[in-house]
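File shown: input36.cif (mmCIF, C-alpha atoms and all ligand atoms).
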data_model
#
loop_
_atom_site.label_atom_id
_atom_site.label_comp_id
_atom_site.auth_asym_id
_atom_site.auth_seq_id
_atom_site.Cartn_x
_atom_site.Cartn_y
_atom_site.Cartn_z
CA MET A 1 99.11 91.30 147.87
CA ASP A 2 96.97 89.09 150.06
CA LEU A 3 98.74 85.74 150.10
CA ARG A 4 95.39 84.05 150.76
CA SER A 5 94.09 85.24 147.38
CA ARG A 6 93.32 82.53 144.86
CA PRO A 7 93.20 83.67 141.22
CA ARG A 8 91.28 80.54 140.27
CA ARG A 9 88.19 81.83 142.13
CA ASN A 10 87.62 84.22 139.24
CA ARG A 11 87.64 81.29 136.83
CA LYS A 12 85.40 78.91 138.73
CA ASN A 13 82.46 78.83 136.30
CA ALA A 14 81.30 80.29 133.01
CA ALA A 15 79.22 83.04 134.60
CA ILE A 16 82.08 84.28 136.79
CA ARG A 17 84.46 84.11 133.83
CA ALA A 18 82.02 86.21 131.81
CA LEU A 19 81.79 88.76 134.64
CA VAL A 20 85.53 89.31 134.77
CA ARG A 21 86.25 89.01 131.03
CA GLU A 22 88.30 92.00 129.89
CA THR A 23 87.94 91.68 126.13
CA ARG A 24 84.89 90.82 124.08
CA LEU A 25 84.64 90.27 120.35
CA ASP A 26 81.98 92.13 118.42
CA PRO A 27 81.50 91.87 114.64
CA SER A 28 80.54 95.54 114.51
CA HIS A 29 84.29 96.20 114.99
CA TRP A 30 85.29 94.17 111.97
CA ILE A 31 86.02 95.01 108.36
CA TYR A 32 85.55 92.20 105.84
CA PRO A 33 88.06 92.24 102.92
CA LEU A 34 86.55 91.25 99.57
CA PHE A 35 88.13 90.59 96.19
CA VAL A 36 86.35 91.60 93.00
CA HIS A 37 87.11 90.87 89.36
CA GLU A 38 85.74 91.82 85.92
CA GLU A 39 84.25 88.43 85.18
CA SER A 40 80.57 87.58 85.39
CA THR A 41 81.05 84.51 87.59
CA ASP A 42 82.59 84.09 91.04
CA ALA A 43 85.89 82.20 91.25
CA PRO A 44 87.33 80.48 94.31
CA ILE A 45 90.88 81.66 95.09
CA ALA A 46 93.35 78.77 95.04
CA SER A 47 95.84 80.51 97.36
CA MET A 48 93.10 81.39 99.89
CA PRO A 49 90.64 78.51 100.40
CA GLY A 50 87.25 79.84 101.50
CA CYS A 51 87.73 83.18 99.69
CA SER A 52 86.57 84.12 96.19
CA ARG A 53 87.12 86.68 93.55
CA TRP A 54 83.56 87.97 93.19
CA SER A 55 81.74 89.19 90.13
CA LEU A 56 79.97 92.50 90.72
CA ALA A 57 76.66 90.70 91.28
CA GLY A 58 78.32 88.09 93.50
CA LEU A 59 80.03 90.85 95.48
CA VAL A 60 76.75 92.60 96.24
CA ASP A 61 75.20 89.29 97.35
CA GLU A 62 78.17 88.55 99.62
CA VAL A 63 77.94 92.02 101.14
CA GLY A 64 74.27 91.33 101.88
CA ARG A 65 75.18 88.07 103.60
CA ALA A 66 77.90 89.87 105.60
CA ARG A 67 75.39 92.48 106.67
CA ASP A 68 73.02 89.73 107.79
CA ASP A 69 75.89 88.31 109.86
CA GLY A 70 76.33 91.67 111.61
CA ILE A 71 79.28 93.06 109.64
CA GLY A 72 79.08 96.81 109.03
CA ALA A 73 82.10 97.48 106.82
CA VAL A 74 83.90 95.92 103.87
CA VAL A 75 87.19 96.74 102.15
CA LEU A 76 87.56 96.14 98.42
CA PHE A 77 90.52 94.76 96.49
CA PRO A 78 90.33 94.50 92.69
CA ALA A 79 91.87 91.88 90.43
CA ILE A 80 92.78 93.87 87.34
CA VAL A 81 93.35 92.11 83.99
CA ASP A 82 96.90 92.35 82.63
CA ALA A 83 95.74 94.35 79.60
CA LYS A 84 94.72 97.20 81.93
CA LYS A 85 97.94 97.24 83.93
CA SER A 86 100.56 99.87 83.12
CA PRO A 87 103.77 101.27 84.63
CA GLU A 88 101.94 104.31 86.08
CA GLY A 89 98.85 102.30 87.05
CA VAL A 90 96.52 104.72 85.24
CA GLU A 91 93.58 102.33 85.62
CA ALA A 92 93.69 103.24 89.34
CA VAL A 93 92.09 106.61 88.53
CA ASN A 94 89.57 105.43 85.93
CA PRO A 95 86.12 106.61 87.09
CA ASP A 96 84.54 103.74 85.12
CA GLY A 97 86.96 101.16 86.57
CA LEU A 98 86.13 98.06 88.56
CA VAL A 99 86.42 99.61 92.03
CA PRO A 100 84.13 102.63 91.43
CA ARG A 101 81.53 100.33 89.86
CA ALA A 102 81.81 97.98 92.84
CA ILE A 103 81.43 100.85 95.32
CA ALA A 104 78.37 102.17 93.51
CA ALA A 105 76.76 98.73 93.31
CA ILE A 106 77.25 98.09 97.03
CA LYS A 107 76.07 101.53 98.12
CA LYS A 108 72.99 101.21 95.91
CA ALA A 109 71.98 97.87 97.43
CA TYR A 110 73.14 98.53 101.01
CA PRO A 111 73.51 102.29 101.61
CA GLU A 112 74.38 101.81 105.28
CA MET A 113 77.26 99.40 104.56
CA GLN A 114 80.55 101.25 105.05
CA VAL A 115 82.76 100.82 102.02
CA VAL A 116 86.49 101.11 102.62
CA THR A 117 88.74 101.35 99.57
CA ASP A 118 92.41 100.59 99.15
CA VAL A 119 94.64 103.36 97.82
CA ALA A 120 97.84 102.01 96.24
CA LEU A 121 98.94 101.19 92.72
CA ASP A 122 99.90 97.51 93.01
CA PRO A 123 96.72 95.95 91.55
CA TYR A 124 97.04 98.31 88.55
CA SER A 125 100.81 98.41 88.11
CA SER A 126 102.48 96.23 85.50
CA ASP A 127 105.47 96.26 87.87
CA GLY A 128 103.41 95.06 90.86
CA HIS A 129 104.62 97.87 93.10
CA ASP A 130 102.50 100.17 95.26
CA GLY A 131 104.19 103.19 93.70
CA ILE A 132 105.68 104.26 90.38
CA LEU A 133 108.92 102.46 89.54
CA ALA A 134 111.83 104.46 88.06
CA PRO A 135 114.17 102.79 85.53
CA ASP A 136 116.85 102.57 88.21
CA GLY A 137 114.56 100.52 90.47
CA ARG A 138 113.58 103.28 92.90
CA ILE A 139 109.95 103.85 93.84
CA LEU A 140 109.17 107.52 93.17
CA ASN A 141 107.47 109.02 96.22
CA ASP A 142 106.01 112.36 95.17
CA PRO A 143 104.84 111.41 91.66
CA THR A 144 103.13 108.39 93.25
CA VAL A 145 101.39 110.58 95.84
CA GLU A 146 99.91 112.69 93.01
CA VAL A 147 98.31 109.59 91.47
CA LEU A 148 97.13 108.34 94.87
CA CYS A 149 95.32 111.66 95.46
CA ARG A 150 93.49 111.30 92.16
CA GLN A 151 92.68 107.68 93.01
CA ALA A 152 91.29 108.70 96.42
CA VAL A 153 89.13 111.50 94.99
CA MET A 154 87.80 109.17 92.30
CA GLN A 155 86.88 106.60 94.96
CA ALA A 156 85.20 109.25 97.12
CA ARG A 157 83.22 110.44 94.10
CA ALA A 158 82.05 106.85 93.53
CA GLY A 159 80.74 106.74 97.10
CA ALA A 160 83.53 105.34 99.28
CA ASP A 161 83.06 106.09 102.98
CA VAL A 162 86.64 105.46 104.10
CA ILE A 163 89.82 105.80 102.04
CA ALA A 164 92.60 103.46 103.15
CA PRO A 165 96.05 104.25 101.72
CA SER A 166 98.14 101.07 101.95
CA ASP A 167 101.04 102.30 99.81
CA MET A 168 103.37 103.62 102.57
CA MET A 169 104.55 106.65 100.56
CA ASP A 170 105.68 109.57 102.75
CA GLY A 171 103.23 112.45 103.06
CA ARG A 172 100.33 110.73 101.35
CA VAL A 173 97.83 111.14 104.19
CA ALA A 174 98.15 114.94 104.24
CA ALA A 175 98.07 115.10 100.44
CA ILE A 176 94.98 112.88 100.21
CA ARG A 177 93.21 114.86 102.98
CA THR A 178 93.90 118.10 101.11
CA ALA A 179 92.76 116.63 97.80
CA LEU A 180 89.54 115.24 99.32
CA ASP A 181 88.73 118.50 101.10
CA ALA A 182 89.38 120.53 97.93
CA GLU A 183 86.68 118.45 96.24
CA ARG A 184 84.37 118.93 99.27
CA PHE A 185 84.72 115.33 100.44
CA THR A 186 85.28 116.58 103.97
CA GLU A 187 83.21 113.74 105.43
CA VAL A 188 85.18 110.96 103.78
CA SER A 189 87.47 109.34 106.37
CA ILE A 190 91.08 108.24 106.06
CA LEU A 191 92.17 104.93 107.55
CA ALA A 192 95.95 105.08 107.21
CA TYR A 193 98.03 101.93 106.95
CA THR A 194 100.41 103.50 109.45
CA ALA A 195 102.69 100.63 110.38
CA LYS A 196 102.60 98.33 107.38
CA TYR A 197 105.48 95.90 107.44
CA ALA A 198 107.28 94.30 104.49
CA SER A 199 105.84 90.92 105.35
CA ALA A 200 106.01 87.47 103.80
CA PHE A 201 102.53 86.93 105.25
CA TYR A 202 101.07 88.84 102.26
CA GLY A 203 102.00 85.99 99.89
CA PRO A 204 98.52 84.46 99.43
CA PHE A 205 96.96 87.90 98.81
CA ARG A 206 99.41 88.62 96.03
CA GLY A 207 98.48 85.24 94.56
CA ALA A 208 94.79 86.18 94.77
CA LEU A 209 95.32 89.40 92.83
CA ASP A 210 98.33 88.35 90.76
CA SER A 211 99.97 91.47 92.19
CA ALA A 212 103.39 90.28 93.38
CA PRO A 213 106.21 92.70 92.48
CA LYS A 214 107.83 91.69 89.18
CA SER A 215 111.21 92.92 90.38
CA GLY A 216 112.75 93.68 93.74
CA ASP A 217 110.70 93.80 96.94
CA LYS A 218 108.71 96.37 98.91
CA LYS A 219 111.36 97.02 101.57
CA THR A 220 112.10 100.61 100.54
CA TYR A 221 108.57 101.64 101.49
CA GLN A 222 107.08 98.99 103.80
CA MET A 223 108.60 98.73 107.28
CA ASP A 224 111.32 96.41 108.53
CA ALA A 225 109.86 93.60 110.65
CA ALA A 226 112.59 94.23 113.22
CA ASN A 227 111.35 97.72 114.17
CA VAL A 228 108.79 99.04 116.62
CA ARG A 229 110.02 102.58 117.47
CA GLU A 230 109.77 103.37 113.79
CA ALA A 231 106.06 102.53 113.97
CA LEU A 232 105.62 105.29 116.55
CA ARG A 233 107.27 107.74 114.20
CA GLU A 234 104.79 106.76 111.50
CA VAL A 235 101.98 107.27 114.05
CA GLU A 236 103.15 110.85 114.64
CA HIS A 237 103.16 111.51 110.92
CA ASP A 238 99.76 110.05 110.16
CA GLU A 239 98.16 111.78 113.13
CA ALA A 240 99.66 115.13 112.21
CA GLU A 241 98.64 114.61 108.59
CA GLY A 242 94.99 114.14 109.50
CA ALA A 243 94.31 110.40 109.58
CA ASP A 244 91.06 109.41 111.31
CA MET A 245 92.15 105.86 112.11
CA LEU A 246 95.53 104.11 112.13
CA MET A 247 96.40 100.58 111.11
CA VAL A 248 99.00 98.01 112.07
CA LYS A 249 99.57 95.22 109.55
CA PRO A 250 100.01 92.24 109.83
CA ALA A 251 98.34 91.62 113.19
CA GLY A 252 99.14 88.28 114.83
CA ALA A 253 102.92 88.47 114.71
CA TYR A 254 102.87 92.20 115.53
CA LEU A 255 100.83 92.33 118.74
CA ASP A 256 103.63 94.25 120.46
CA VAL A 257 103.39 96.91 117.76
CA ILE A 258 99.61 97.17 118.26
CA ALA A 259 100.17 97.56 122.01
CA ALA A 260 102.88 100.20 121.53
CA VAL A 261 100.76 102.18 119.08
CA ARG A 262 97.81 101.94 121.51
CA GLU A 263 99.95 103.65 124.15
CA HIS A 264 100.87 106.48 121.81
CA THR A 265 97.63 107.57 120.20
CA ALA A 266 94.05 108.38 121.09
CA LEU A 267 92.93 107.54 117.55
CA PRO A 268 91.15 104.27 116.84
CA ILE A 269 93.55 101.51 115.83
CA ALA A 270 92.83 98.88 113.22
CA ALA A 271 94.82 95.67 112.79
CA TYR A 272 94.82 93.55 109.64
CA GLN A 273 94.86 89.79 110.07
CA VAL A 274 96.43 89.27 106.65
CA SER A 275 96.16 86.51 104.08
CA GLY A 276 99.09 84.47 105.42
CA GLU A 277 97.66 84.52 108.94
CA TYR A 278 94.30 83.45 107.54
CA LEU A 279 95.91 80.69 105.52
CA MET A 280 97.93 79.27 108.42
CA LEU A 281 94.82 78.87 110.54
CA LYS A 282 92.72 77.67 107.61
CA ALA A 283 95.21 75.11 106.32
CA ALA A 284 95.93 73.64 109.74
CA SER A 285 92.20 73.44 110.45
CA GLU A 286 91.42 71.80 107.11
CA ALA A 287 94.15 69.25 107.80
CA GLY A 288 92.42 68.47 111.08
CA TRP A 289 95.40 69.72 113.09
CA LEU A 290 93.72 72.69 114.78
CA ASP A 291 90.17 73.39 115.93
CA GLU A 292 89.24 76.18 113.51
CA ARG A 293 86.54 77.87 115.55
CA ALA A 294 88.67 77.90 118.70
CA VAL A 295 91.89 79.16 117.10
CA VAL A 296 90.20 81.81 114.98
CA LEU A 297 88.27 83.29 117.91
CA GLU A 298 91.41 83.10 120.07
CA SER A 299 93.51 84.87 117.44
CA LEU A 300 90.91 87.64 117.05
CA THR A 301 90.63 88.00 120.83
CA ALA A 302 94.42 88.36 121.08
CA ILE A 303 94.47 91.10 118.44
CA HIS A 304 91.68 92.94 120.26
CA ARG A 305 93.35 92.45 123.67
CA ALA A 306 96.62 93.89 122.33
CA GLY A 307 94.76 97.15 121.66
CA ALA A 308 93.09 97.01 118.26
CA ASP A 309 89.62 98.56 118.14
CA ILE A 310 89.00 97.45 114.57
CA ILE A 311 90.01 94.14 112.97
CA LEU A 312 90.23 93.41 109.27
CA THR A 313 89.78 89.68 108.85
CA TYR A 314 88.86 87.21 106.12
CA PHE A 315 87.15 85.21 108.89
CA ALA A 316 84.69 88.05 109.57
CA ARG A 317 81.51 86.31 108.39
CA GLN A 318 82.44 82.94 109.78
CA ALA A 319 83.50 84.33 113.15
CA ALA A 320 80.36 86.45 113.40
CA GLN A 321 78.29 83.31 112.85
CA TRP A 322 80.24 81.45 115.52
CA LEU A 323 79.69 84.26 118.02
CA ALA A 324 75.98 84.17 117.29
CA THR A 325 75.62 80.46 118.09
C1 LIG B 401 98.78 96.30 98.72
C2 LIG B 401 98.16 95.49 99.76
C3 LIG B 401 98.64 94.25 100.19
C4 LIG B 401 97.75 93.77 101.15
C5 LIG B 401 96.73 94.73 101.30
N1 LIG B 401 97.01 95.80 100.43
C6 LIG B 401 99.80 93.46 99.72
C7 LIG B 401 101.12 94.07 99.66
O1 LIG B 401 101.40 95.11 100.26
O2 LIG B 401 101.93 93.49 98.96
C8 LIG B 401 97.90 92.47 101.84
C9 LIG B 401 96.73 91.91 102.51
C10 LIG B 401 96.84 90.48 102.88
O3 LIG B 401 97.90 89.83 102.77
O4 LIG B 401 95.81 89.94 103.31
N2 LIG B 401 98.68 97.64 98.69
#
Would you mind writing the structure in this file as structure tokens?
Amino acid sequence: MDLRSRPRRNRKNAAIRALVRETRLDPSHWIYPLFVHEESTDAPIASMPGCSRWSLAGLVDEVGRARDDGIGAVVLFPAIVDAKKSPEGVEAVNPDGLVPRAIAAIKKAYPEMQVVTDVALDPYSSDGHDGILAPDGRILNDPTVEVLCRQAVMQARAGADVIAPSDMMDGRVAAIRTALDAERFTEVSILAYTAKYASAFYGPFRGALDSAPKSGDKKTYQMDAANVREALREVEHDEAEGADMLMVKPAGAYLDVIAAVREHTALPIAAYQVSGEYLMLKAASEAGWLDERAVVLESLTAIHRAGADIILTYFARQAAQWLAT
């Protein structure tokens, strides 16, 4: 090292800083999560200020606004009425259900918008678990995977571009790939929630969908927050099983996991800035304690810098607008 070197020279003005900047945010890398419900009006979500449960018409309008902001992909989460929830989550495979109707409506209005769909049973399960609950409290892996395959095929048939299993059952990526290919949906992608942690940061999301587990927790299928080597094992599985993209979730408190996964795969990596991360930044900003624009763009930059190619964020529209001004 040249002891006469002065790192500050590369920070001396905005133009030089832009020249040497290593990471740049771009809304075309973002996926915007949207909540949809059966009602005919949009409803603000109390646990997630700034987010709404959209009616089908409201959803399509919001997708149009997101497109105008430069967002190219959305991921859908349904709020299912209690009357349609059941222990096996059968509504998850209903071809006339809320999600297939939402996919069709979006693709009709905005064919180029990439629609990502969540594969898991929790919005549909009367037990609030991602898989089927046995009487003894266990979550049944293989019977769940069978339902997830039917759910994925149904979503593909409705027009989904990317299927995103968030359930964390073993072997589901290979099973879903096989099921999709058997129905000739060879072009439908799989974005696997590869390293999804059992996180308290999902709290506001479960409030938004009324999908919190009625008993127990999700620790027998979602990962232990203490582990990172285990994430690499999940990477090996999902890669070998045919995933097109991998995800780490949550994002902000798991940047080391994103970086480790980046080192171990050539596949694109997505990171999900989850509801609790959104809410922390939102609440502190609304209280006047943080500068919202600055902290949101900084948090997204950090997730990108750690190695995520794709970011799922509730701030997608807002951040895209900030970048444009
Ligand atoms: C469930 C699912 C969850 C989220 C996305 N898909 C919640 C959970 O696993 O309990 C959380 C997203 C967020 O908190 O923003 N399959």
Quick one: contact table of chain A to ligand LIG 401 (chain B), 7 Å max, nearest atom pair and distance in Å to one decimal per residue, counting all atoms listed in the file, chain and number order, as JSON lines?
{"residue": "A:Asp118", "atom": "CA", "partner": "B:LIG401", "partner_atom": "N1", "distance": 6.8}
{"residue": "A:Ala120", "atom": "CA", "partner": "B:LIG401", "partner_atom": "N2", "distance": 5.1}
{"residue": "A:Leu121", "atom": "CA", "partner": "B:LIG401", "partner_atom": "N2", "distance": 7.0}
{"residue": "A:Asp122", "atom": "CA", "partner": "B:LIG401", "partner_atom": "N2", "distance": 5.8}
{"residue": "A:Asp130", "atom": "CA", "partner": "B:LIG401", "partner_atom": "N2", "distance": 5.7}
{"residue": "A:Ser166", "atom": "CA", "partner": "B:LIG401", "partner_atom": "N2", "distance": 4.8}
{"residue": "A:Asp167", "atom": "CA", "partner": "B:LIG401", "partner_atom": "N2", "distance": 5.3}
{"residue": "A:Phe201", "atom": "CA", "partner": "B:LIG401", "partner_atom": "O3", "distance": 6.0}
{"residue": "A:Tyr202", "atom": "CA", "partner": "B:LIG401", "partner_atom": "O3", "distance": 3.4}
{"residue": "A:Gly203", "atom": "CA", "partner": "B:LIG401", "partner_atom": "O3", "distance": 6.3}
{"residue": "A:Pro204", "atom": "CA", "partner": "B:LIG401", "partner_atom": "O3", "distance": 6.4}
{"residue": "A:Phe205", "atom": "CA", "partner": "B:LIG401", "partner_atom": "O3", "distance": 4.5}
{"residue": "A:Arg206", "atom": "CA", "partner": "B:LIG401", "partner_atom": "C6", "distance": 6.1}
{"residue": "A:Ala212", "atom": "CA", "partner": "B:LIG401", "partner_atom": "O2", "distance": 6.6}
{"residue": "A:Gln273", "atom": "CA", "partner": "B:LIG401", "partner_atom": "O4", "distance": 6.8}
{"residue": "A:Val274", "atom": "CA", "partner": "B:LIG401", "partner_atom": "O4", "distance": 3.5}
{"residue": "A:Ser275", "atom": "CA", "partner": "B:LIG401", "partner_atom": "O4", "distance": 3.5}
{"residue": "A:Gly276", "atom": "CA", "partner": "B:LIG401", "partner_atom": "O3", "distance": 6.1}
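Among the candidate residues A:Arg11, A:His264, A:Arg177, A:Arg17, the one lying nearest to Asp244 of chain A is A:Arg177, with distances computed using all atoms listed in the file.
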When you look at Pro123 of chain A with a cut-off of 7 Å (counting only C-alpha atoms), what residues show up, excluding the ones that are within fewer than 4 positions of it in the same chain? I need them as a ChimeraX atom specification. /A:78-80,128,209,211
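In this structure, atom CA of Gln155 of chain A sits 13.5 Å away from atom CA of Asp181 of chain A.
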Of A:Lys282, A:Arg184, A:Arg172, A:Arg67, the one sitting nearest Asn141 of chain A when using only C-alpha atoms is A:Arg172
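Closest to Tyr193 of chain A among A:Val60, A:Val90, A:Ala270, A:Ala208 is A:Ala270, based on all atoms listed in the file.
Between Trp322 of chain A and the residues A:Ile103, A:Met245, A:Val20, A:Leu25, the shortest atom-to-atom distance, using all atoms listed in the file, involves A:Leu25.
Between atom CA of His304 of chain A and atom CA of Gly72 of chain A there is a distance of 17.3 Å.
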> Can you find the residues with an atom no farther than 10 Å from (109.8, 114.1, 102.6), counting only C-alpha atoms, and report them as a list of chain:residue names?
Replying inline: A:Asn141, A:Asp142, A:Met169, A:Asp170, A:Gly171
For the selection just defined, write its residues with C-alpha atoms to a file, as a CSV table (one decimal), in the frame of the given file.
chain,number,residue,atom,x,y,z
A,141,ASN,CA,107.5,109.0,96.2
A,142,ASP,CA,106.0,112.4,95.2
A,169,MET,CA,104.6,106.6,100.6
A,170,ASP,CA,105.7,109.6,102.8
A,171,GLY,CA,103.2,112.4,103.1
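Minimum atom-to-atom distance to Leu300 of chain A, evaluated using only C-alpha atoms, belongs to A:Asp26 out of A:Asp26, A:Asp161, A:Asp238, A:Asp2.
Nearest to Ser86 of chain A of all the residues A:Ile132, A:Ile31, A:Ala192, A:Val295 is A:Ile132, counting all atoms listed in the file.
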Taking only C-alpha atoms into account, produce a table as CSV in which each residue of segment 173-258 of chain A with an atom at most 9 Å from an atom of segment 135-139 of chain A appears once, together with its shortest atom pair and the distance in Å to one decimal, ordered by chain and rising number.
residue,atom,partner,partner_atom,distance
A:Ser215,CA,A:Gly137,CA,8.3
A:Gly216,CA,A:Gly137,CA,7.8
A:Thr220,CA,A:Ile139,CA,7.7
A:Tyr221,CA,A:Ile139,CA,8.1
Please return segment 250-258 of chain A, rebuilt to all heavy atoms, as a PDB file, in the frame of the given file.
ATOM      1  N   PRO A 250     101.007  93.225 109.382  1.00  0.00           N
ATOM      2  CA  PRO A 250     100.010  92.240 109.830  1.00  0.00           C
ATOM      3  C   PRO A 250      99.639  92.417 111.304  1.00  0.00           C
ATOM      4  O   PRO A 250     100.141  93.330 111.964  1.00  0.00           O
ATOM      5  CB  PRO A 250     100.744  90.906 109.619  1.00  0.00           C
ATOM      6  CG  PRO A 250     101.870  91.176 108.686  1.00  0.00           C
ATOM      7  CD  PRO A 250     102.260  92.601 108.970  1.00  0.00           C
ATOM      8  N   ALA A 251      98.818  91.488 111.816  1.00  0.00           N
ATOM      9  CA  ALA A 251      98.340  91.620 113.190  1.00  0.00           C
ATOM     10  C   ALA A 251      98.985  90.608 114.136  1.00  0.00           C
ATOM     11  O   ALA A 251      99.651  90.974 115.100  1.00  0.00           O
ATOM     12  CB  ALA A 251      96.813  91.468 113.219  1.00  0.00           C
ATOM     13  N   GLY A 252      98.800  89.329 113.860  1.00  0.00           N
ATOM     14  CA  GLY A 252      99.140  88.280 114.830  1.00  0.00           C
ATOM     15  C   GLY A 252     100.582  88.248 115.274  1.00  0.00           C
ATOM     16  O   GLY A 252     100.874  88.014 116.451  1.00  0.00           O
ATOM     17  N   ALA A 253     101.499  88.501 114.352  1.00  0.00           N
ATOM     18  CA  ALA A 253     102.920  88.470 114.710  1.00  0.00           C
ATOM     19  C   ALA A 253     103.420  89.844 115.141  1.00  0.00           C
ATOM     20  O   ALA A 253     104.609  90.029 115.395  1.00  0.00           O
ATOM     21  CB  ALA A 253     103.745  87.945 113.523  1.00  0.00           C
ATOM     22  N   TYR A 254     102.496  90.810 115.231  1.00  0.00           N
ATOM     23  CA  TYR A 254     102.870  92.200 115.530  1.00  0.00           C
ATOM     24  C   TYR A 254     102.044  92.766 116.689  1.00  0.00           C
ATOM     25  O   TYR A 254     101.779  93.956 116.751  1.00  0.00           O
ATOM     26  CB  TYR A 254     102.704  93.066 114.267  1.00  0.00           C
ATOM     27  CG  TYR A 254     103.693  92.669 113.186  1.00  0.00           C
ATOM     28  CD1 TYR A 254     103.465  91.549 112.387  1.00  0.00           C
ATOM     29  CD2 TYR A 254     104.885  93.367 113.012  1.00  0.00           C
ATOM     30  CE1 TYR A 254     104.387  91.142 111.430  1.00  0.00           C
ATOM     31  CE2 TYR A 254     105.810  92.976 112.054  1.00  0.00           C
ATOM     32  CZ  TYR A 254     105.557  91.861 111.271  1.00  0.00           C
ATOM     33  OH  TYR A 254     106.472  91.474 110.325  1.00  0.00           O
ATOM     34  N   LEU A 255     101.673  91.885 117.633  1.00  0.00           N
ATOM     35  CA  LEU A 255     100.830  92.330 118.740  1.00  0.00           C
ATOM     36  C   LEU A 255     101.551  93.366 119.605  1.00  0.00           C
ATOM     37  O   LEU A 255     100.917  94.259 120.170  1.00  0.00           O
ATOM     38  CB  LEU A 255     100.403  91.137 119.603  1.00  0.00           C
ATOM     39  CG  LEU A 255      99.531  90.077 118.914  1.00  0.00           C
ATOM     40  CD1 LEU A 255      99.167  88.978 119.898  1.00  0.00           C
ATOM     41  CD2 LEU A 255      98.276  90.689 118.312  1.00  0.00           C
ATOM     42  N   ASP A 256     102.882  93.253 119.688  1.00  0.00           N
ATOM     43  CA  ASP A 256     103.630  94.250 120.460  1.00  0.00           C
ATOM     44  C   ASP A 256     103.552  95.616 119.802  1.00  0.00           C
ATOM     45  O   ASP A 256     103.524  96.643 120.493  1.00  0.00           O
ATOM     46  CB  ASP A 256     105.103  93.807 120.600  1.00  0.00           C
ATOM     47  CG  ASP A 256     105.782  93.628 119.249  1.00  0.00           C
ATOM     48  OD1 ASP A 256     105.122  93.134 118.298  1.00  0.00           O
ATOM     49  OD2 ASP A 256     106.963  93.985 119.120  1.00  0.00           O
ATOM     50  N   VAL A 257     103.500  95.629 118.469  1.00  0.00           N
ATOM     51  CA  VAL A 257     103.390  96.910 117.760  1.00  0.00           C
ATOM     52  C   VAL A 257     102.007  97.516 118.024  1.00  0.00           C
ATOM     53  O   VAL A 257     101.889  98.719 118.299  1.00  0.00           O
ATOM     54  CB  VAL A 257     103.628  96.727 116.244  1.00  0.00           C
ATOM     55  CG1 VAL A 257     103.493  98.065 115.522  1.00  0.00           C
ATOM     56  CG2 VAL A 257     105.003  96.116 115.990  1.00  0.00           C
ATOM     57  N   ILE A 258     100.966  96.682 117.971  1.00  0.00           N
ATOM     58  CA  ILE A 258      99.610  97.170 118.260  1.00  0.00           C
ATOM     59  C   ILE A 258      99.590  97.782 119.668  1.00  0.00           C
ATOM     60  O   ILE A 258      99.073  98.880 119.873  1.00  0.00           O
ATOM     61  CB  ILE A 258      98.575  96.026 118.166  1.00  0.00           C
ATOM     62  CG1 ILE A 258      98.507  95.478 116.737  1.00  0.00           C
ATOM     63  CG2 ILE A 258      97.197  96.501 118.627  1.00  0.00           C
ATOM     64  CD1 ILE A 258      97.646  94.213 116.589  1.00  0.00           C
TER      65      ILE A 258
END
